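Novice: Here it is, the structure in full.
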Amino acid sequence: MENMYNLNIERAVLSSIIFDPQTYEEIAAKLRPHDFYLPFHQYLFAAMEELSKEEKPIDEEFLRSKLVSKGKFDEIAMLDLLSANPITNTAAYLSEIKAKSSKRALATLATEIKKVTMEDDLPAEEIMNLVEKKLYEITQNSTDEDFRESKEIAFAMMEEIERLKALGNSRLIGTDTGFKNLNEKTSGFGKGDLVIIAARPAMGKTALVLNMALRAIERNEGVAFFSLEMPAEQLMLRMLSAKTSIPLQSLRVGDLLDEQWSQLSAAVDELSRKKLFVDDGGYATIHHVRSKLRKLKARHPEITLAVIDYLQLMSGEGREGRQQEVSEISRGLKQLARELQIPIVALSQLNRSLESRENKRPMLSDLRESGAIEQDADIILFVYRDDVYREAKEKEKEMKARAEGKEYSSDFRKKPEEEAEIIIGKQRNGPTGTVELVFQKKYTRFVDASHSPAFEVVYEDSNVDMREGHIEIPHI
């Protein structure tokens, strides 16, 4: 048990504060009362915090008075503390206290795991969630990050500028989105970005992000995909359709020509060697995602993109309502993206209220539980296809006419390729506006529109590359 605490070090740190109260703020920025082992030391440090907030002197008399009033004063422990030699360089002492605090927390967690497993007989899933949550709290408590100095920041920024210079005139400085027109407006998804892609049902929410994932693994980058709604096999089926230009329906029933079988076999062989990792367990909390993604990134540094399909299916740990849970999830995803230095793309639902508007193009206020999501996201993209609403409107007219015993002739015709809009509703470091794509329905595939898209920007940028885009032609 001796390696779990060191009372002499605790006394030295607390004694230093009493002899020089100016050091309290620096020490309080790194320690909490529970980091001390001896209960009296915990009470004393908490009393120091109270006195600091009350703007009273942190000295022996005020501390004694504060603890006596709470019935927590210990004369002998106080004398032992005051007899300790105060120290001037506290950094090593603070690290030692912090390390031993973490060890005690881990030992307590081990005991708690045994209790909930053997005595309380909780479900395994609930136990694992508990362990992940507690481990994360211990990890956060053991983190001792200080301010970054100007010298280090300046050199880091210089390295980044040199990296960008090496790219030549390319405007792509982040992770390739897979779409030229979107890259031009976003410069790619930045490291540490939380990207939200939102749409109403049937707009191709999932198809777009699968296209992005496919392009990434084709570039030999790694992709982590948390699929909470669709089995991994269905995701792969859609990817194969997009890659081979074999209609998805044909793949589903195995109705293929000989050359298509060869094409499919080659595509399967190629994708089997790529770094795509899918978690399709159908259940995830922020702690679950954080734990799994940290481990995966450590084993596979080539991971450049993580996808959550979709955010509203994630479970929260909060007990204060769904709004608080979503806030915890979105903030957690943003922090994780920054920690791992990769963009995290999370799909999100939109409120049904937009269906009652004449113009059904989404806006930020249409995001479900939008407050926290809108605040935490670096980029928010909306997927919109006008033909989806036009077709629904025509069907509604036809049904109404039939109910009234009338004939109805519609001039609406389904098209194999539909115009699609990616509406940039928010971009922390760039303009908002609309990027035009084409949706090839048979292959569940989005491609760049062949013409240069109309794009309204919030600010003007004379360096924007407005060259013509290109369209991908399906294999015949």
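Residue numbers start at 1 in each chain; chains themselves are named A, B, ... in the order of the structure tokens; ligands are numbered from 1 in the order shown.
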What lies within 12 Å of region 243-245 of chain A using only C-alpha atoms, ignoring chain neighbours under 3 positions off, as a CSV table (one decimal) with C-alpha atoms, in the first residue's frame?

Specialist:
```csv
chain,number,residue,atom,x,y,z
A,210,LEU,CA,-20.0,6.0,-47.9
A,211,ASN,CA,-18.8,7.7,-51.1
A,212,MET,CA,-16.4,9.8,-49.0
A,213,ALA,CA,-15.2,6.7,-47.2
A,214,LEU,CA,-14.7,4.7,-50.4
A,215,ARG,CA,-12.6,7.5,-51.9
A,217,ILE,CA,-9.7,3.9,-48.7
A,218,GLU,CA,-9.0,4.0,-52.4
A,236,MET,CA,-20.0,-3.0,-48.3
A,237,LEU,CA,-22.7,-3.8,-50.9
A,238,ARG,CA,-23.3,-0.1,-51.4
A,239,MET,CA,-19.6,0.6,-51.7
A,240,LEU,CA,-19.3,-2.2,-54.3
A,248,LEU,CA,-27.3,-2.1,-56.3
A,249,GLN,CA,-30.5,-4.1,-56.9
A,250,SER,CA,-28.6,-6.4,-59.2
A,251,LEU,CA,-26.0,-7.0,-56.5
A,256,LEU,CA,-25.1,-10.3,-62.9
A,259,GLU,CA,-18.3,-9.6,-67.2
A,260,GLN,CA,-20.0,-8.1,-64.1
A,261,TRP,CA,-19.0,-11.1,-62.0
A,262,SER,CA,-15.4,-10.6,-63.1
A,263,GLN,CA,-15.7,-6.9,-62.3
A,264,LEU,CA,-17.2,-7.6,-58.9
A,265,SER,CA,-14.6,-10.2,-58.0
A,266,ALA,CA,-11.8,-7.7,-58.8
A,267,ALA,CA,-13.5,-5.0,-56.7
A,268,VAL,CA,-13.9,-7.4,-53.8
A,270,GLU,CA,-9.2,-4.8,-54.0
A,271,LEU,CA,-11.4,-3.6,-51.2
A,440,GLN,CA,-26.7,8.4,-59.6
A,441,LYS,CA,-29.6,6.4,-58.0
A,442,LYS,CA,-28.8,2.9,-59.4
A,443,TYR,CA,-25.4,3.0,-57.9
A,444,THR,CA,-26.2,5.0,-54.7
A,445,ARG,CA,-23.4,7.3,-55.9
A,446,PHE,CA,-22.8,11.0,-55.7
A,447,VAL,CA,-20.4,12.6,-58.3
A,472,GLU,CA,-17.4,10.5,-63.4
A,473,ILE,CA,-18.7,8.3,-66.2
A,474,PRO,CA,-20.0,4.9,-65.1
A,475,HIS,CA,-18.2,1.9,-66.6
A,476,ILE,CA,-20.2,0.3,-69.4
```

Novice: Could you pull the residues within 8 Å of region 411-428 of chain A, counting only C-alpha atoms, minus those fewer than 6 positions along the same chain, as a list of chain:residue names?

Specialist: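 The filter keeps A:Thr186, A:Pro362, A:Met363, A:Leu364, A:Asp378, A:Ile379, A:Ile380, A:Leu381, A:Phe382, A:Val383, A:Tyr384, A:Arg385, A:Asp386, A:Asp387, A:Arg390, A:Glu391, A:Glu394, A:Thr434, A:Val435, A:Glu436, A:Leu437, A:Val438, A:Phe439, A:Gln440, A:Lys441, A:Lys442.
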
Novice: Would you write out those residues with N, CA and C atoms, as a PDB file, in the first residue's frame?

Specialist:
```pdb
ATOM      1  N   THR A 186     -14.287  23.930 -49.175  1.00  0.00           N
ATOM      2  CA  THR A 186     -13.945  23.621 -47.785  1.00  0.00           C
ATOM      3  C   THR A 186     -12.449  23.450 -47.562  1.00  0.00           C
ATOM      4  N   PRO A 362     -32.844  22.644 -46.175  1.00  0.00           N
ATOM      5  CA  PRO A 362     -32.582  22.708 -44.727  1.00  0.00           C
ATOM      6  C   PRO A 362     -31.779  23.934 -44.328  1.00  0.00           C
ATOM      7  N   MET A 363     -31.932  24.287 -43.058  1.00  0.00           N
ATOM      8  CA  MET A 363     -31.135  25.351 -42.442  1.00  0.00           C
ATOM      9  C   MET A 363     -30.731  24.874 -41.047  1.00  0.00           C
ATOM     10  N   LEU A 364     -29.850  25.620 -40.400  1.00  0.00           N
ATOM     11  CA  LEU A 364     -29.282  25.188 -39.118  1.00  0.00           C
ATOM     12  C   LEU A 364     -30.344  24.883 -38.065  1.00  0.00           C
ATOM     13  N   ASP A 378     -17.635  22.052 -36.626  1.00  0.00           N
ATOM     14  CA  ASP A 378     -16.817  22.977 -37.412  1.00  0.00           C
ATOM     15  C   ASP A 378     -17.430  23.190 -38.785  1.00  0.00           C
ATOM     16  N   ILE A 379     -18.011  22.118 -39.334  1.00  0.00           N
ATOM     17  CA  ILE A 379     -18.672  22.181 -40.637  1.00  0.00           C
ATOM     18  C   ILE A 379     -20.017  21.461 -40.530  1.00  0.00           C
ATOM     19  N   ILE A 380     -21.063  22.074 -41.056  1.00  0.00           N
ATOM     20  CA  ILE A 380     -22.371  21.428 -41.124  1.00  0.00           C
ATOM     21  C   ILE A 380     -22.816  21.423 -42.578  1.00  0.00           C
ATOM     22  N   LEU A 381     -23.037  20.223 -43.112  1.00  0.00           N
ATOM     23  CA  LEU A 381     -23.475  20.060 -44.496  1.00  0.00           C
ATOM     24  C   LEU A 381     -24.882  19.474 -44.517  1.00  0.00           C
ATOM     25  N   PHE A 382     -25.724  19.996 -45.407  1.00  0.00           N
ATOM     26  CA  PHE A 382     -27.064  19.438 -45.599  1.00  0.00           C
ATOM     27  C   PHE A 382     -27.146  18.825 -46.998  1.00  0.00           C
ATOM     28  N   VAL A 383     -27.736  17.625 -47.084  1.00  0.00           N
ATOM     29  CA  VAL A 383     -27.946  16.971 -48.376  1.00  0.00           C
ATOM     30  C   VAL A 383     -29.377  17.244 -48.811  1.00  0.00           C
ATOM     31  N   TYR A 384     -29.534  17.775 -50.024  1.00  0.00           N
ATOM     32  CA  TYR A 384     -30.875  18.116 -50.510  1.00  0.00           C
ATOM     33  C   TYR A 384     -31.016  17.712 -51.973  1.00  0.00           C
ATOM     34  N   ARG A 385     -32.102  16.972 -52.278  1.00  0.00           N
ATOM     35  CA  ARG A 385     -32.442  16.625 -53.663  1.00  0.00           C
ATOM     36  C   ARG A 385     -33.891  17.022 -53.897  1.00  0.00           C
ATOM     37  N   ASP A 386     -34.080  18.007 -54.747  1.00  0.00           N
ATOM     38  CA  ASP A 386     -35.413  18.557 -54.987  1.00  0.00           C
ATOM     39  C   ASP A 386     -36.357  17.517 -55.576  1.00  0.00           C
ATOM     40  N   ASP A 387     -35.826  16.580 -56.387  1.00  0.00           N
ATOM     41  CA  ASP A 387     -36.676  15.577 -57.032  1.00  0.00           C
ATOM     42  C   ASP A 387     -37.379  14.667 -56.034  1.00  0.00           C
ATOM     43  N   ARG A 390     -40.429  16.630 -55.220  1.00  0.00           N
ATOM     44  CA  ARG A 390     -41.289  16.729 -56.403  1.00  0.00           C
ATOM     45  C   ARG A 390     -42.038  15.422 -56.631  1.00  0.00           C
ATOM     46  N   GLU A 391     -41.325  14.292 -56.485  1.00  0.00           N
ATOM     47  CA  GLU A 391     -41.975  12.990 -56.666  1.00  0.00           C
ATOM     48  C   GLU A 391     -43.037  12.755 -55.608  1.00  0.00           C
ATOM     49  N   GLU A 394     -46.115  14.857 -56.397  1.00  0.00           N
ATOM     50  CA  GLU A 394     -46.897  14.312 -57.504  1.00  0.00           C
ATOM     51  C   GLU A 394     -47.717  13.102 -57.056  1.00  0.00           C
ATOM     52  N   THR A 434     -23.743  26.736 -51.463  1.00  0.00           N
ATOM     53  CA  THR A 434     -24.241  25.478 -52.028  1.00  0.00           C
ATOM     54  C   THR A 434     -23.267  24.918 -53.054  1.00  0.00           C
ATOM     55  N   VAL A 435     -23.009  23.623 -52.953  1.00  0.00           N
ATOM     56  CA  VAL A 435     -22.193  22.894 -53.926  1.00  0.00           C
ATOM     57  C   VAL A 435     -23.111  21.926 -54.655  1.00  0.00           C
ATOM     58  N   GLU A 436     -23.023  21.896 -55.976  1.00  0.00           N
ATOM     59  CA  GLU A 436     -23.891  21.015 -56.771  1.00  0.00           C
ATOM     60  C   GLU A 436     -23.187  19.701 -57.091  1.00  0.00           C
ATOM     61  N   LEU A 437     -23.905  18.609 -56.829  1.00  0.00           N
ATOM     62  CA  LEU A 437     -23.445  17.272 -57.181  1.00  0.00           C
ATOM     63  C   LEU A 437     -24.519  16.605 -58.026  1.00  0.00           C
ATOM     64  N   VAL A 438     -24.229  15.396 -58.490  1.00  0.00           N
ATOM     65  CA  VAL A 438     -25.210  14.587 -59.210  1.00  0.00           C
ATOM     66  C   VAL A 438     -25.344  13.270 -58.461  1.00  0.00           C
ATOM     67  N   PHE A 439     -26.587  12.832 -58.238  1.00  0.00           N
ATOM     68  CA  PHE A 439     -26.835  11.567 -57.553  1.00  0.00           C
ATOM     69  C   PHE A 439     -27.245  10.508 -58.569  1.00  0.00           C
ATOM     70  N   GLN A 440     -26.422   9.477 -58.705  1.00  0.00           N
ATOM     71  CA  GLN A 440     -26.715   8.362 -59.609  1.00  0.00           C
ATOM     72  C   GLN A 440     -27.423   7.282 -58.797  1.00  0.00           C
ATOM     73  N   LYS A 441     -28.737   7.223 -58.942  1.00  0.00           N
ATOM     74  CA  LYS A 441     -29.578   6.434 -58.045  1.00  0.00           C
ATOM     75  C   LYS A 441     -29.262   4.948 -58.081  1.00  0.00           C
ATOM     76  N   LYS A 442     -29.031   4.393 -59.286  1.00  0.00           N
ATOM     77  CA  LYS A 442     -28.815   2.950 -59.405  1.00  0.00           C
ATOM     78  C   LYS A 442     -27.606   2.471 -58.622  1.00  0.00           C
TER      79      LYS A 442
END
```

Novice: Rounded to one decimal, what separation in Å do you get between CA of Ala110 (chain A) and CA of Ala298 (chain A)?

Specialist: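 Separation between CA of Ala110 (chain A) and CA of Ala298 (chain A): 24.3 Å.
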
Novice: Can you list, as a list in words, every protein, DNA or RNA residue that comes within 10 Å of Met4 (chain A) when you count only C-alpha atoms, leaving out same-chain residues fewer than 2 positions away?

Specialist: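 The residues satisfying every condition are Met1, Glu2, Asn6, Tyr37, Ile97, Ala99, Lys100, Ser101, Ser102, Lys103, Arg104, Ala105 and Ala107 of chain A.
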
Novice: Go ahead and save the picked residues with C-alpha atoms, as a short mmCIF file (atom, residue, chain, number, x, y, z; two decimals), in the first residue's frame.

Specialist:
```cif
data_model
loop_
_atom_site.label_atom_id
_atom_site.label_comp_id
_atom_site.auth_asym_id
_atom_site.auth_seq_id
_atom_site.Cartn_x
_atom_site.Cartn_y
_atom_site.Cartn_z
CA MET A 1 0.00 0.00 0.00
CA GLU A 2 3.02 2.30 0.49
CA ASN A 6 3.38 9.48 0.19
CA TYR A 37 -4.58 10.40 0.33
CA ILE A 97 0.80 13.11 -5.96
CA ALA A 99 0.38 9.57 -10.21
CA LYS A 100 -0.41 7.99 -6.86
CA SER A 101 -3.94 9.40 -7.00
CA SER A 102 -4.45 7.67 -10.36
CA LYS A 103 -3.10 4.38 -8.96
CA ARG A 104 -5.57 4.53 -6.07
CA ALA A 105 -8.40 5.31 -8.48
CA ALA A 107 -7.33 0.05 -7.54
#
```

Novice: Can you list, as a PyMOL selection string, all residues belonging to region 198-305 of chain A that DSSP tags as helix (DSSP H, G or I)?

Specialist: chain A and resi 205-218+232-244+248-253+258-271+286-299

Novice: Mind listing the strand (DSSP E or B) residues of region 213-258 of chain A, per DSSP on the backbone, as a JSON list (two decimals) with N, CA and C atoms, in the first residue's frame?

Specialist:
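Listing of selection-v2.json after writing:
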```json
[["chain", "number", "residue", "atom", "x", "y", "z"],
["A", 222, "GLY", "N", -6.95, 5.08, -44.00],
["A", 222, "GLY", "CA", -7.80, 4.24, -43.17],
["A", 222, "GLY", "C", -9.07, 4.96, -42.76],
["A", 223, "VAL", "N", -10.18, 4.21, -42.66],
["A", 223, "VAL", "CA", -11.47, 4.78, -42.27],
["A", 223, "VAL", "C", -12.10, 3.91, -41.18],
["A", 224, "ALA", "N", -12.55, 4.54, -40.11],
["A", 224, "ALA", "CA", -13.32, 3.85, -39.06],
["A", 224, "ALA", "C", -14.78, 4.24, -39.21],
["A", 225, "PHE", "N", -15.65, 3.26, -39.27],
["A", 225, "PHE", "CA", -17.07, 3.52, -39.55],
["A", 225, "PHE", "C", -17.91, 2.88, -38.44],
["A", 226, "PHE", "N", -18.61, 3.72, -37.67],
["A", 226, "PHE", "CA", -19.54, 3.22, -36.65],
["A", 226, "PHE", "C", -20.93, 3.23, -37.27],
["A", 227, "SER", "N", -21.44, 2.04, -37.60],
["A", 227, "SER", "CA", -22.75, 1.93, -38.24],
["A", 227, "SER", "C", -23.76, 1.45, -37.21]]
```

Novice: Would you mind listing what lies within 10 Å of Ile303 (chain A) as a PyMOL selection string, with only C-alpha atoms counted and same-chain residues fewer than 6 positions away left out?

Specialist: chain A and resi 216-217+220-224+275-277+293+296-297+340-342

Novice: If I take CA of Ala377 (chain A) and CA of Pro431 (chain A), how far is one from the other in Å, to one decimal?

Specialist: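 Answer for the CA of Ala377 (chain A) to CA of Pro431 (chain A) separation: 14.6 Å.
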